[in-house]
>>> print(open('query.txt').read())   # compact mmCIF, C-alpha atoms
# COMPACT_ATOMS: atom_id res chain seq x y z
CA MET B 1 12.72 -5.37 4.72
CA SER B 2 9.83 -5.31 2.29
CA LYS B 3 6.94 -7.49 3.33
CA ILE B 4 4.15 -6.60 0.95
CA ILE B 5 5.04 -6.81 -2.71
CA ALA B 6 2.82 -5.61 -5.55
CA VAL B 7 3.58 -6.87 -9.06
CA HIS B 8 2.36 -4.34 -11.57
CA SER B 9 2.83 -3.23 -15.18
CA TYR B 10 1.53 -0.64 -17.61
CA LYS B 11 0.36 -3.09 -20.24
CA GLY B 12 -1.10 -6.57 -20.08
CA GLY B 13 0.85 -9.68 -21.05
CA THR B 14 4.10 -8.59 -19.43
CA GLY B 15 4.21 -11.66 -17.20
CA LYS B 16 2.84 -10.31 -13.91
CA THR B 17 0.97 -13.49 -12.99
CA SER B 18 3.80 -15.88 -13.96
CA ILE B 19 6.27 -13.79 -11.98
CA SER B 20 3.92 -13.40 -8.97
CA VAL B 21 3.16 -17.11 -8.75
CA ASN B 22 6.73 -18.25 -9.22
CA LEU B 23 8.21 -15.55 -6.98
CA ALA B 24 5.81 -16.65 -4.26
CA ALA B 25 6.82 -20.28 -4.87
CA THR B 26 10.50 -19.26 -4.62
CA PHE B 27 9.94 -17.76 -1.18
CA VAL B 28 7.95 -20.84 -0.11
CA ARG B 29 10.79 -23.11 -1.24
CA GLN B 30 13.07 -21.07 1.01
CA GLY B 31 10.81 -21.96 3.96
CA LYS B 32 8.83 -18.71 4.05
CA LYS B 33 5.13 -18.28 4.78
CA VAL B 34 3.56 -16.55 1.81
CA ALA B 35 0.11 -15.32 0.79
CA LEU B 36 -0.50 -14.59 -2.88
CA PHE B 37 -3.54 -12.48 -3.81
CA ASP B 38 -5.24 -11.90 -7.14
CA LEU B 39 -6.17 -8.23 -7.47
CA ASP B 40 -7.14 -8.47 -11.11
CA PHE B 41 -10.89 -8.41 -10.44
CA ARG B 42 -11.75 -7.76 -14.08
CA ALA B 43 -9.90 -10.79 -15.33
CA PRO B 44 -9.17 -13.14 -12.42
CA SER B 45 -6.75 -15.95 -13.18
CA LEU B 46 -5.18 -17.20 -9.95
CA PHE B 47 -7.97 -19.68 -9.18
CA ALA B 48 -7.35 -21.38 -12.53
CA ILE B 49 -3.56 -21.23 -12.47
CA LEU B 50 -3.26 -22.64 -8.97
CA GLN B 51 -6.29 -24.89 -9.40
CA CYS B 52 -7.72 -23.62 -6.17
CA GLU B 53 -11.36 -23.20 -7.10
CA LYS B 54 -13.04 -22.97 -3.77
CA GLU B 55 -15.88 -24.94 -2.29
CA GLY B 56 -16.83 -22.42 0.37
CA LYS B 57 -17.03 -19.66 -2.26
CA THR B 58 -15.52 -16.82 -0.30
CA TRP B 59 -13.15 -14.78 -2.38
CA LEU B 60 -10.87 -11.80 -1.94
CA ASN B 61 -13.78 -9.69 -3.21
CA ASP B 62 -15.82 -10.77 -0.17
CA TYR B 63 -13.04 -9.78 2.21
CA LEU B 64 -12.83 -6.32 0.64
CA ASP B 65 -16.60 -6.10 0.90
CA TYR B 66 -16.54 -6.85 4.67
CA LYS B 67 -18.43 -10.11 4.06
CA CYS B 68 -15.79 -12.37 5.57
CA GLU B 69 -12.40 -12.40 7.25
CA ILE B 70 -9.13 -12.95 5.40
CA ASN B 71 -8.61 -16.51 6.66
CA GLN B 72 -11.87 -17.56 5.02
CA VAL B 73 -10.41 -16.42 1.70
CA LEU B 74 -7.03 -18.12 1.95
CA VAL B 75 -6.64 -21.53 0.33
CA ASP B 76 -3.77 -23.65 1.62
CA ILE B 77 -1.79 -24.80 -1.40
CA SER B 78 1.31 -25.77 0.61
CA PRO B 79 1.06 -29.43 -0.52
CA ARG B 80 2.12 -28.22 -4.00
CA ILE B 81 5.57 -27.54 -2.52
CA PRO B 82 6.24 -30.29 0.06
CA ASN B 83 8.80 -29.97 2.85
CA ALA B 84 9.04 -26.21 2.52
CA GLY B 85 7.31 -23.12 3.90
CA LYS B 86 3.60 -22.35 3.79
CA PHE B 87 1.83 -21.28 0.62
CA TYR B 88 -1.63 -19.67 0.62
CA ALA B 89 -3.60 -18.23 -2.26
CA GLY B 90 -6.31 -15.59 -2.10
CA PRO B 91 -8.09 -15.81 -5.45
CA ALA B 92 -10.54 -13.28 -6.88
CA ASP B 93 -14.07 -14.31 -7.78
CA PRO B 94 -14.07 -15.38 -11.44
CA SER B 95 -17.86 -15.21 -11.95
CA THR B 96 -19.25 -12.76 -14.50
CA GLU B 97 -21.61 -11.16 -11.95
CA SER B 98 -18.70 -10.51 -9.67
CA MET B 99 -16.59 -8.93 -12.41
CA ARG B 100 -19.52 -6.71 -13.30
CA TYR B 101 -20.08 -5.84 -9.64
CA MET B 102 -16.43 -4.87 -9.23
CA THR B 103 -16.46 -2.55 -12.23
CA THR B 104 -19.36 -0.56 -10.81
CA ARG B 105 -17.91 0.16 -7.34
CA ASN B 106 -17.72 3.82 -6.39
CA SER B 107 -14.84 5.70 -4.84
CA ASN B 108 -16.24 5.25 -1.33
CA TRP B 109 -16.17 1.47 -1.79
CA GLU B 110 -12.61 1.70 -3.10
CA MET B 111 -11.59 3.75 -0.07
CA HIS B 112 -12.81 0.94 2.18
CA ALA B 113 -11.07 -1.61 -0.06
CA LEU B 114 -7.79 0.27 0.44
CA LYS B 115 -8.32 0.18 4.19
CA ARG B 116 -9.00 -3.57 4.06
CA LEU B 117 -5.80 -4.17 2.09
CA MET B 118 -3.79 -2.05 4.50
CA THR B 119 -5.20 -4.07 7.40
CA LEU B 120 -3.53 -7.21 6.00
CA LYS B 121 -0.18 -5.99 7.29
CA LYS B 122 -1.52 -6.29 10.83
CA SER B 123 -3.69 -9.39 10.44
CA LEU B 124 -1.34 -11.53 8.36
CA ILE B 125 2.19 -10.25 8.92
CA LYS B 126 2.05 -9.11 12.53
CA GLU B 127 -0.50 -11.53 13.96
CA GLN B 128 -0.08 -14.64 11.82
CA ASN B 129 3.65 -14.38 11.05
CA PHE B 130 3.41 -14.34 7.29
CA ASP B 131 6.77 -13.43 5.75
CA TYR B 132 5.43 -12.10 2.47
CA ILE B 133 2.21 -10.92 0.91
CA ILE B 134 2.25 -10.73 -2.87
CA PHE B 135 -0.38 -8.83 -4.86
CA ASP B 136 -0.80 -9.81 -8.49
CA THR B 137 -2.48 -6.72 -9.99
CA SER B 138 -4.24 -5.73 -13.18
CA PRO B 139 -2.34 -3.57 -15.67
CA GLY B 140 -2.49 0.21 -15.95
CA LEU B 141 -4.08 2.79 -13.75
CA GLN B 142 -7.03 1.11 -12.05
CA PHE B 143 -8.48 1.37 -8.60
CA SER B 144 -7.63 -2.21 -7.56
CA SER B 145 -4.03 -1.89 -8.73
CA MET B 146 -3.55 1.55 -7.21
CA ASN B 147 -4.95 0.27 -3.92
CA ALA B 148 -2.49 -2.62 -4.02
CA ILE B 149 0.39 -0.23 -4.75
CA ALA B 150 -0.63 2.12 -1.93
CA ALA B 151 -0.78 -0.82 0.49
CA ALA B 152 2.54 -2.35 -0.63
CA ASP B 153 6.10 -1.73 0.58
CA PHE B 154 7.74 -2.76 -2.65
CA ILE B 155 6.64 -2.70 -6.28
CA VAL B 156 7.92 -5.05 -8.91
CA VAL B 157 7.27 -3.40 -12.27
CA THR B 158 7.38 -5.77 -15.20
CA THR B 159 7.96 -4.50 -18.71
CA THR B 160 8.75 -5.94 -22.12
CA GLY B 161 10.64 -4.34 -24.95
CA ASP B 162 7.42 -3.18 -26.64
CA CYS B 163 7.77 0.55 -27.30
CA SER B 164 4.22 1.42 -26.15
CA ASP B 165 4.94 -0.42 -22.93
CA VAL B 166 8.33 1.24 -22.41
CA ASN B 167 6.77 4.67 -22.83
CA GLY B 168 3.83 4.00 -20.50
CA THR B 169 6.02 2.32 -17.90
CA LYS B 170 8.30 5.35 -17.80
CA ARG B 171 5.32 7.63 -17.30
CA MET B 172 3.94 5.42 -14.55
CA LEU B 173 7.28 5.35 -12.76
CA ASN B 174 7.70 9.10 -13.01
CA ASP B 175 4.12 10.01 -12.23
CA PHE B 176 3.07 7.83 -9.43
CA TYR B 177 5.03 4.96 -7.98
CA ASP B 178 7.90 6.61 -6.27
CA VAL B 179 6.73 10.19 -6.30
CA MET B 180 3.23 9.50 -5.04
CA PHE B 181 3.65 6.73 -2.54
CA GLU B 182 7.40 6.78 -1.91
CA ASN B 183 7.48 3.05 -2.43
CA LYS B 184 10.60 1.16 -3.21
CA THR B 185 10.45 0.00 -6.80
CA GLY B 186 12.38 -2.48 -8.93
CA LEU B 187 12.10 -3.19 -12.63
CA VAL B 188 11.93 -6.57 -14.35
CA LEU B 189 12.74 -6.70 -18.04
CA ASN B 190 10.72 -9.67 -19.22
CA LYS B 191 10.52 -11.63 -22.46
CA VAL B 192 13.85 -10.25 -23.65
CA ILE B 193 14.91 -11.86 -26.91
CA ASP B 194 18.57 -12.79 -26.96
CA PRO B 195 19.61 -11.04 -23.73
CA ALA B 196 23.19 -12.28 -24.19
CA LYS B 197 23.84 -9.61 -26.78
CA TYR B 198 23.66 -6.95 -24.06
CA GLY B 199 26.08 -6.92 -21.16
CA THR B 200 24.46 -7.28 -17.71
CA GLU B 201 26.16 -4.17 -16.36
CA GLU B 202 25.40 -2.21 -19.49
CA LEU B 203 21.72 -3.14 -19.29
CA ALA B 204 21.47 -2.28 -15.59
CA GLN B 205 23.04 1.12 -16.29
CA LYS B 206 20.68 1.72 -19.20
CA VAL B 207 17.62 0.89 -17.07
CA LYS B 208 18.84 3.14 -14.28
CA GLU B 209 19.24 6.02 -16.77
CA GLU B 210 15.97 5.41 -18.62
CA TYR B 211 13.64 4.48 -15.78
CA LYS B 212 15.50 5.87 -12.74
CA VAL B 213 14.85 2.67 -10.77
CA PRO B 214 17.05 -0.35 -10.08
CA LEU B 215 16.92 -3.34 -12.44
CA LEU B 216 15.85 -6.43 -10.52
CA CYS B 217 16.44 -8.94 -13.28
CA VAL B 218 16.32 -9.69 -16.99
CA ILE B 219 14.18 -12.64 -17.99
CA PRO B 220 14.73 -14.08 -21.45
CA CYS B 221 11.75 -15.04 -23.57
CA PHE B 222 11.02 -18.61 -22.44
CA CYS B 223 8.25 -20.37 -24.33
CA GLU B 224 7.94 -22.90 -21.53
CA VAL B 225 7.17 -20.15 -18.98
CA THR B 226 4.43 -18.70 -21.16
CA GLN B 227 2.95 -22.12 -21.75
CA ALA B 228 3.39 -23.42 -18.20
CA LYS B 229 0.42 -21.66 -16.68
CA GLY B 230 -0.92 -23.92 -14.02
CA GLN B 231 1.00 -27.02 -15.03
CA TYR B 232 4.00 -26.45 -12.85
CA LEU B 233 5.59 -24.13 -10.38
CA PHE B 234 9.12 -23.55 -11.62
CA PRO B 235 10.98 -23.44 -8.27
CA GLN B 236 9.44 -26.80 -7.33
CA ASP B 237 8.98 -28.64 -10.61
CA LYS B 238 11.87 -27.23 -12.66
CA PRO B 239 14.55 -26.43 -10.06
CA ASN B 240 17.33 -26.33 -12.63
CA HIS B 241 15.56 -24.08 -15.12
CA GLN B 242 17.14 -20.70 -15.82
CA PHE B 243 13.86 -18.99 -14.86
CA THR B 244 14.12 -20.60 -11.39
CA ASN B 245 17.69 -19.29 -10.99
CA ILE B 246 16.64 -15.78 -12.02
CA LEU B 247 13.74 -15.85 -9.55
CA THR B 248 16.04 -16.95 -6.72
CA LYS B 249 18.33 -13.98 -7.39
CA MET B 250 15.33 -11.67 -7.63
CA ALA B 251 13.99 -12.94 -4.28
CA THR B 252 17.37 -12.23 -2.68
CA SER B 253 17.46 -8.69 -4.14
CA ILE B 254 13.96 -7.98 -2.81
CA GLU B 255 14.82 -9.40 0.59
CA ASN B 256 17.84 -7.12 0.81
CA MET B 257 16.08 -3.95 -0.31
CA MET I 1 -6.55 31.51 47.83
CA LYS I 2 -6.49 30.04 44.41
CA ASN I 3 -6.65 31.55 40.94
CA LYS I 4 -7.94 29.71 37.98
CA TRP I 5 -5.87 30.40 34.91
CA LEU I 6 -6.01 28.40 31.72
CA GLY I 7 -7.82 25.66 33.57
CA VAL I 8 -5.00 25.07 36.06
CA MET I 9 -5.39 25.74 39.76
CA LEU I 10 -2.50 27.78 41.09
CA SER I 11 -1.86 28.63 44.67
CA LYS I 12 -1.01 32.23 45.53
CA GLU I 13 2.29 30.98 46.83
CA ASP I 14 3.20 29.48 43.48
CA ILE I 15 2.71 32.80 41.76
CA VAL I 16 4.33 34.96 44.41
CA MET I 17 7.34 32.69 44.68
CA GLY I 18 7.62 32.63 40.92
CA LYS I 19 7.21 28.86 41.00
CA LYS I 20 5.54 27.95 37.78
CA PRO I 21 5.08 24.26 37.79
CA LEU I 22 5.95 22.40 34.59
CA ALA I 23 2.33 21.42 34.33
CA VAL I 24 1.33 25.08 33.88
CA LEU I 25 3.84 25.61 31.11
CA GLU I 26 2.66 22.44 29.39
CA GLN I 27 -0.91 23.59 29.74
CA ILE I 28 -0.06 26.94 28.15
CA LYS I 29 1.72 25.19 25.29
CA GLU I 30 -1.26 22.90 24.70
CA SER I 31 -3.64 25.85 24.71
CA LEU I 32 -1.48 27.77 22.25
CA ASP I 33 -1.25 24.69 19.99
CA SER I 34 -4.99 24.35 20.13
CA LEU I 35 -5.42 28.03 19.23
CA LYS I 36 -2.94 27.68 16.39
CA GLU I 37 -4.87 24.72 14.99
CA LYS I 38 -8.10 26.70 15.12
CA LEU I 39 -6.41 29.64 13.39
CA ASP I 40 -5.00 27.33 10.70
CA VAL I 41 -8.51 26.06 10.00
CA LEU I 42 -9.85 29.63 9.82
CA ILE I 43 -7.03 30.68 7.47
CA ASP I 44 -7.68 27.66 5.23
CA VAL I 45 -11.38 28.44 5.16
CA GLN I 46 -10.59 32.03 4.19
CA LYS I 47 -8.21 30.85 1.48
CA ALA I 48 -10.82 28.43 0.14
CA GLY I 49 -13.24 31.32 0.03
CA CYS I 50 -16.07 29.57 1.83
CA ARG I 51 -17.81 30.48 5.04
CA GLY I 52 -18.70 27.07 6.40
CA THR I 53 -16.09 25.27 8.44
CA VAL I 54 -16.40 21.84 6.85
CA PRO I 55 -17.92 20.97 3.47
CA SER I 56 -21.32 19.36 3.92
CA ASP I 57 -20.61 16.39 1.64
CA THR I 58 -17.93 14.14 3.06
CA PRO I 59 -15.46 13.62 0.21
CA THR I 60 -13.83 10.21 -0.02
CA MET I 61 -10.12 9.79 0.40
CA ASP I 62 -9.73 7.00 -2.12
CA VAL I 63 -6.49 6.16 -3.85
CA MET I 64 -7.19 8.35 -6.90
CA THR I 65 -7.88 11.31 -4.60
CA LEU I 66 -4.56 10.58 -2.91
CA LEU I 67 -2.88 10.62 -6.31
CA ASN I 68 -4.27 14.08 -7.01
CA MET I 69 -3.23 15.58 -3.69
CA PRO I 70 -0.19 17.83 -3.42
CA ASP I 71 2.88 15.83 -2.30
CA HIS I 72 3.09 17.27 1.20
CA LEU I 73 -0.54 16.48 2.05
CA ARG I 74 -0.44 13.03 0.44
CA LYS I 75 2.36 11.92 2.71
CA THR I 76 0.31 12.88 5.76
CA ALA I 77 -2.91 11.39 4.33
CA ILE I 78 -1.30 8.02 3.51
CA THR I 79 0.18 7.84 6.99
CA ILE I 80 -3.29 8.32 8.46
CA CYS I 81 -4.68 5.65 6.10
CA ARG I 82 -1.97 3.20 7.19
CA ASN I 83 -2.48 3.88 10.89
CA GLY I 84 -6.24 4.18 10.87
CA ARG I 85 -6.09 6.63 13.76
CA ALA I 86 -3.16 8.70 14.95
CA THR I 87 -2.07 11.88 16.70
CA ALA I 88 0.01 14.56 14.94
CA GLU I 89 2.97 13.35 16.96
CA GLN I 90 2.59 9.74 15.79
CA VAL I 91 2.29 10.89 12.17
CA ALA I 92 5.38 13.10 12.59
CA GLU I 93 7.40 10.14 13.87
CA GLN I 94 6.63 8.22 10.68
CA THR I 95 7.07 11.04 8.19
CA ASN I 96 10.16 12.48 9.85
CA ARG I 97 8.63 15.93 9.80
CA ALA I 98 7.96 18.29 12.70
CA ARG I 99 4.88 17.72 14.85
CA ALA I 100 3.64 21.27 14.23
CA VAL I 101 3.95 20.75 10.46
CA GLU I 102 1.95 17.52 10.59
CA SER I 103 -0.60 19.17 12.86
CA SER I 104 -1.10 21.89 10.28
CA TYR I 105 -1.40 19.39 7.38
CA LEU I 106 -3.80 17.20 9.35
CA ASN I 107 -5.98 20.20 10.09
CA GLN I 108 -5.96 21.11 6.41
CA LEU I 109 -7.18 17.58 5.65
CA VAL I 110 -9.88 18.06 8.30
CA THR I 111 -10.94 21.33 6.64
CA MET I 112 -11.05 19.60 3.27
CA GLY I 113 -13.29 16.95 4.85
CA TYR I 114 -11.04 13.93 4.20
CA VAL I 115 -10.01 13.43 7.80
CA LYS I 116 -11.95 13.67 11.04
CA LYS I 117 -10.62 14.90 14.34
CA GLN I 118 -11.54 13.79 17.81
CA ARG I 119 -10.27 15.31 21.03
CA LYS I 120 -9.67 12.97 23.94
CA GLY I 121 -8.36 14.80 26.98
CA ARG I 122 -5.30 16.71 25.90
CA LYS I 123 -4.76 14.65 22.77
CA ALA I 124 -6.28 15.11 19.33
CA TYR I 125 -6.74 11.98 17.24
CA PHE I 126 -7.12 12.06 13.48
CA TYR I 127 -8.79 9.34 11.44
CA VAL I 128 -10.15 8.80 7.94
CA ALA I 129 -13.76 9.89 7.59
CA MET I 130 -15.69 6.86 6.36
CA GLU I 131 -19.37 6.34 5.86
>>> encode(input="query.txt", output="structure tokens")
Amino acid sequence: MSKIIAVHSYKGGTGKTSISVNLAATFVRQGKKVALFDLDFRAPSLFAILQCEKEGKTWLNDYLDYKCEINQVLVDISPRIPNAGKFYAGPADPSTESMRYMTTRNSNWEMHALKRLMTLKKSLIKEQNFDYIIFDTSPGLQFSSMNAIAAADFIVVTTTGDCSDVNGTKRMLNDFYDVMFENKTGLVLNKVIDPAKYGTEELAQKVKEEYKVPLLCVIPCFCEVTQAKGQYLFPQDKPNHQFTNILTKMATSIENM
Amino acid sequence: MKNKWLGVMLSKEDIVMGKKPLAVLEQIKESLDSLKEKLDVLIDVQKAGCRGTVPSDTPTMDVMTLLNMPDHLRKTAITICRNGRATAEQVAEQTNRARAVESSYLNQLVTMGYVKKQRKGRKAYFYVAME
């Protein structure tokens, strides 16, 4: 069973953060203990979306930098989903100095960062009984995202119909996900306009042929998902929304992989 | 009267009676493995065309370096990264490859400077070289 999930894409704006947050919330609703981390150090967003700006000011950046332990980074946001599992967020430092600092790290620093991310499997999953760790990454080939992918067991690749994205996603899938790290991978087709005009089976077959990975789900273009950022968590606040249903199925597929 | 051979004390009786304790055979196997590892390193050094055994600058085994490694070495290198510290046998269990194969790949990574090796008794532990 996959425990550490990295949500990644070739281009920006494919819905990584919305999917990460709501997938995490789906697992929490099912009674799971989940930690969601923001690995987009160049454009952090989790702190704003989950309104978990911290008082203590220790961020995921500090953990990677050996300045604190992981529990000092985690913010308990379980009250957002009452009577369910446990929900923790590990936001990235949104300050400009920090973003600048992160862009100037050398490969030695990144090697240590990879080690720190890999240690989470022991510290959170084995010792603190977390069911899932979810990494929301930054798009494309970047150190922080590659580190997350190398540390993960399963990669959710999100893509839209945009031709530049399709092309890059294919290259990424062929060049490094499966081949390089032998990770399990699943594809999410997001922001699909009028998905009803394609048959589900037909689409799954097409994805398998084109990308050579299984199709996890097709998400139609929902304006309310794009606009929801921060206002609500779909599994909790909109339990009957189609997006919630799709996420539930996706969570089951990941659990069974 | 006792003879010392390959670091194992044997009694005359053991040899005359043809009794070669299992420990002796294991010791021989270990010694041969150790020699093979040393030869592998020498061969790699020859192939790389350099005279020193280990490059003076410790290269970093970051994720981009992993991406650029040949597939067979990457698998070994990532396993070491995940474990922090492991023997060739432990790596082999996780990669489903033979111990001797992993031993050879690990020693190549040592030669390249990405991995360090530490002998503890009869076991050799490999770990990522970090500053």
>>> closest_atom_pairs(input="query.txt", of="chain B", to="chain I", cutoff="12 Å", atoms="all atoms listed in the file", output="Markdown table")
| residue | atom | partner | partner_atom | distance |
| --- | --- | --- | --- | --- |
| B:Arg105 | CA | I:Asp62 | CA | 11.9 |
| B:Asn106 | CA | I:Asp62 | CA | 9.6 |
| B:Ser107 | CA | I:Asp62 | CA | 5.9 |
| B:Asn108 | CA | I:Thr60 | CA | 5.7 |
| B:Trp109 | CA | I:Asp62 | CA | 8.5 |
| B:Glu110 | CA | I:Asp62 | CA | 6.1 |
| B:Met111 | CA | I:Asp62 | CA | 4.3 |
| B:His112 | CA | I:Met130 | CA | 7.8 |
| B:Ala113 | CA | I:Asp62 | CA | 9.0 |
| B:Leu114 | CA | I:Val63 | CA | 7.4 |
| B:Lys115 | CA | I:Cys81 | CA | 6.8 |
| B:Arg116 | CA | I:Arg82 | CA | 10.2 |
| B:Leu117 | CA | I:Arg82 | CA | 9.7 |
| B:Met118 | CA | I:Arg82 | CA | 6.2 |
| B:Thr119 | CA | I:Arg82 | CA | 8.0 |
| B:Leu120 | CA | I:Arg82 | CA | 10.6 |
| B:Lys121 | CA | I:Arg82 | CA | 9.4 |
| B:Lys122 | CA | I:Arg82 | CA | 10.2 |
| B:Leu141 | CA | I:Met64 | CA | 9.4 |
| B:Gln142 | CA | I:Met64 | CA | 8.9 |
| B:Phe143 | CA | I:Val63 | CA | 7.0 |
| B:Ser144 | CA | I:Val63 | CA | 9.2 |
| B:Ser145 | CA | I:Val63 | CA | 9.7 |
| B:Met146 | CA | I:Val63 | CA | 6.4 |
| B:Asn147 | CA | I:Val63 | CA | 6.1 |
| B:Ala148 | CA | I:Val63 | CA | 9.6 |
| B:Ile149 | CA | I:Val63 | CA | 9.4 |
| B:Ala150 | CA | I:Val63 | CA | 7.4 |
| B:Ala151 | CA | I:Arg82 | CA | 7.9 |
| B:Ala152 | CA | I:Arg82 | CA | 10.6 |
| B:Asp153 | CA | I:Arg82 | CA | 11.5 |
| B:Met172 | CA | I:Leu67 | CA | 11.9 |
| B:Asp175 | CA | I:Leu67 | CA | 9.2 |
| B:Phe176 | CA | I:Leu67 | CA | 7.3 |
| B:Tyr177 | CA | I:Leu67 | CA | 9.9 |
| B:Asp178 | CA | I:Asp71 | CA | 11.2 |
| B:Val179 | CA | I:Asp71 | CA | 7.9 |
| B:Met180 | CA | I:Leu67 | CA | 6.3 |
| B:Phe181 | CA | I:Lys75 | CA | 7.5 |
| B:Glu182 | CA | I:Lys75 | CA | 8.6 |
| B:Asn183 | CA | I:Lys75 | CA | 11.5 |
>>> residues_around(input="query.txt", residues="Asp38 in chain B", least_positions_apart="2", cutoff="7 Å", atoms="all atoms listed in the file", output="list of chain:residue names")
B:Leu36, B:Asp40, B:Pro44, B:Leu46, B:Gly90, B:Pro91, B:Ala92, B:Phe135, B:Asp136, B:Thr137
>>> closest_residue(input="query.txt", among="I:Tyr127, I:Lys117, I:Thr76, I:Ala23", to="Ala98 in chain I", atoms="only C-alpha atoms")
I:Thr76
>>> residues_around(input="query.txt", residues="Thr96 in chain B", least_positions_apart="4", cutoff="10 Å", atoms="all atoms listed in the file", output="PyMOL selection string")
chain B and resi 42-43+100-102
>>> atom_distance(input="query.txt", atom1="CA of Gly161 in chain B", atom2="CA of Ala25 in chain B")
25.9 Å
>>> closest_residue(input="query.txt", among="B:Asn190, B:Ser253, B:Thr244, B:Gln72", to="Leu216 in chain B", atoms="only C-alpha atoms")
B:Ser253
>>> atom_distance(input="query.txt", atom1="CA of His8 in chain B", atom2="CA of Val157 in chain B")
5.0 Å
>>> residues_near_point(input="query.txt", point="(17.3, -10.2, -22.7)", cutoff="12 Å", atoms="only C-alpha atoms", output="ChimeraX atom specification")
/B:159-161,188-200,202-204,217-222
>>> atom_distance(input="query.txt", atom1="CA of Ala92 in chain I", atom2="CA of Asp131 in chain B")
27.4 Å
>>> closest_residue(input="query.txt", among="I:Thr87, I:Thr79, I:Ser103, I:Gln108", to="Leu42 in chain I", atoms="only C-alpha atoms")
I:Gln108
>>> residues_near_point(input="query.txt", point="(-6.6, 19.7, 10.3)", cutoff="10 Å", atoms="only C-alpha atoms", output="list in words")
Glu37, Lys38, Asp40, Val41, Asp44, Ala88, Glu102, Ser103, Ser104, Tyr105, Leu106, Asn107, Gln108, Leu109, Val110, Thr111, Met112, Gly113, Tyr114, Val115, Lys116, Lys117 and Phe126 of chain I
>>> closest_residue(input="query.txt", among="B:Thr14, B:Gln51, B:Asn129, B:Gln236", to="Ala35 in chain B", atoms="all atoms listed in the file")
B:Asn129
>>> closest_residue(input="query.txt", among="B:Ile134, B:Leu64, B:Val166, B:Leu233", to="Tyr10 in chain B", atoms="all atoms listed in the file")
B:Val166
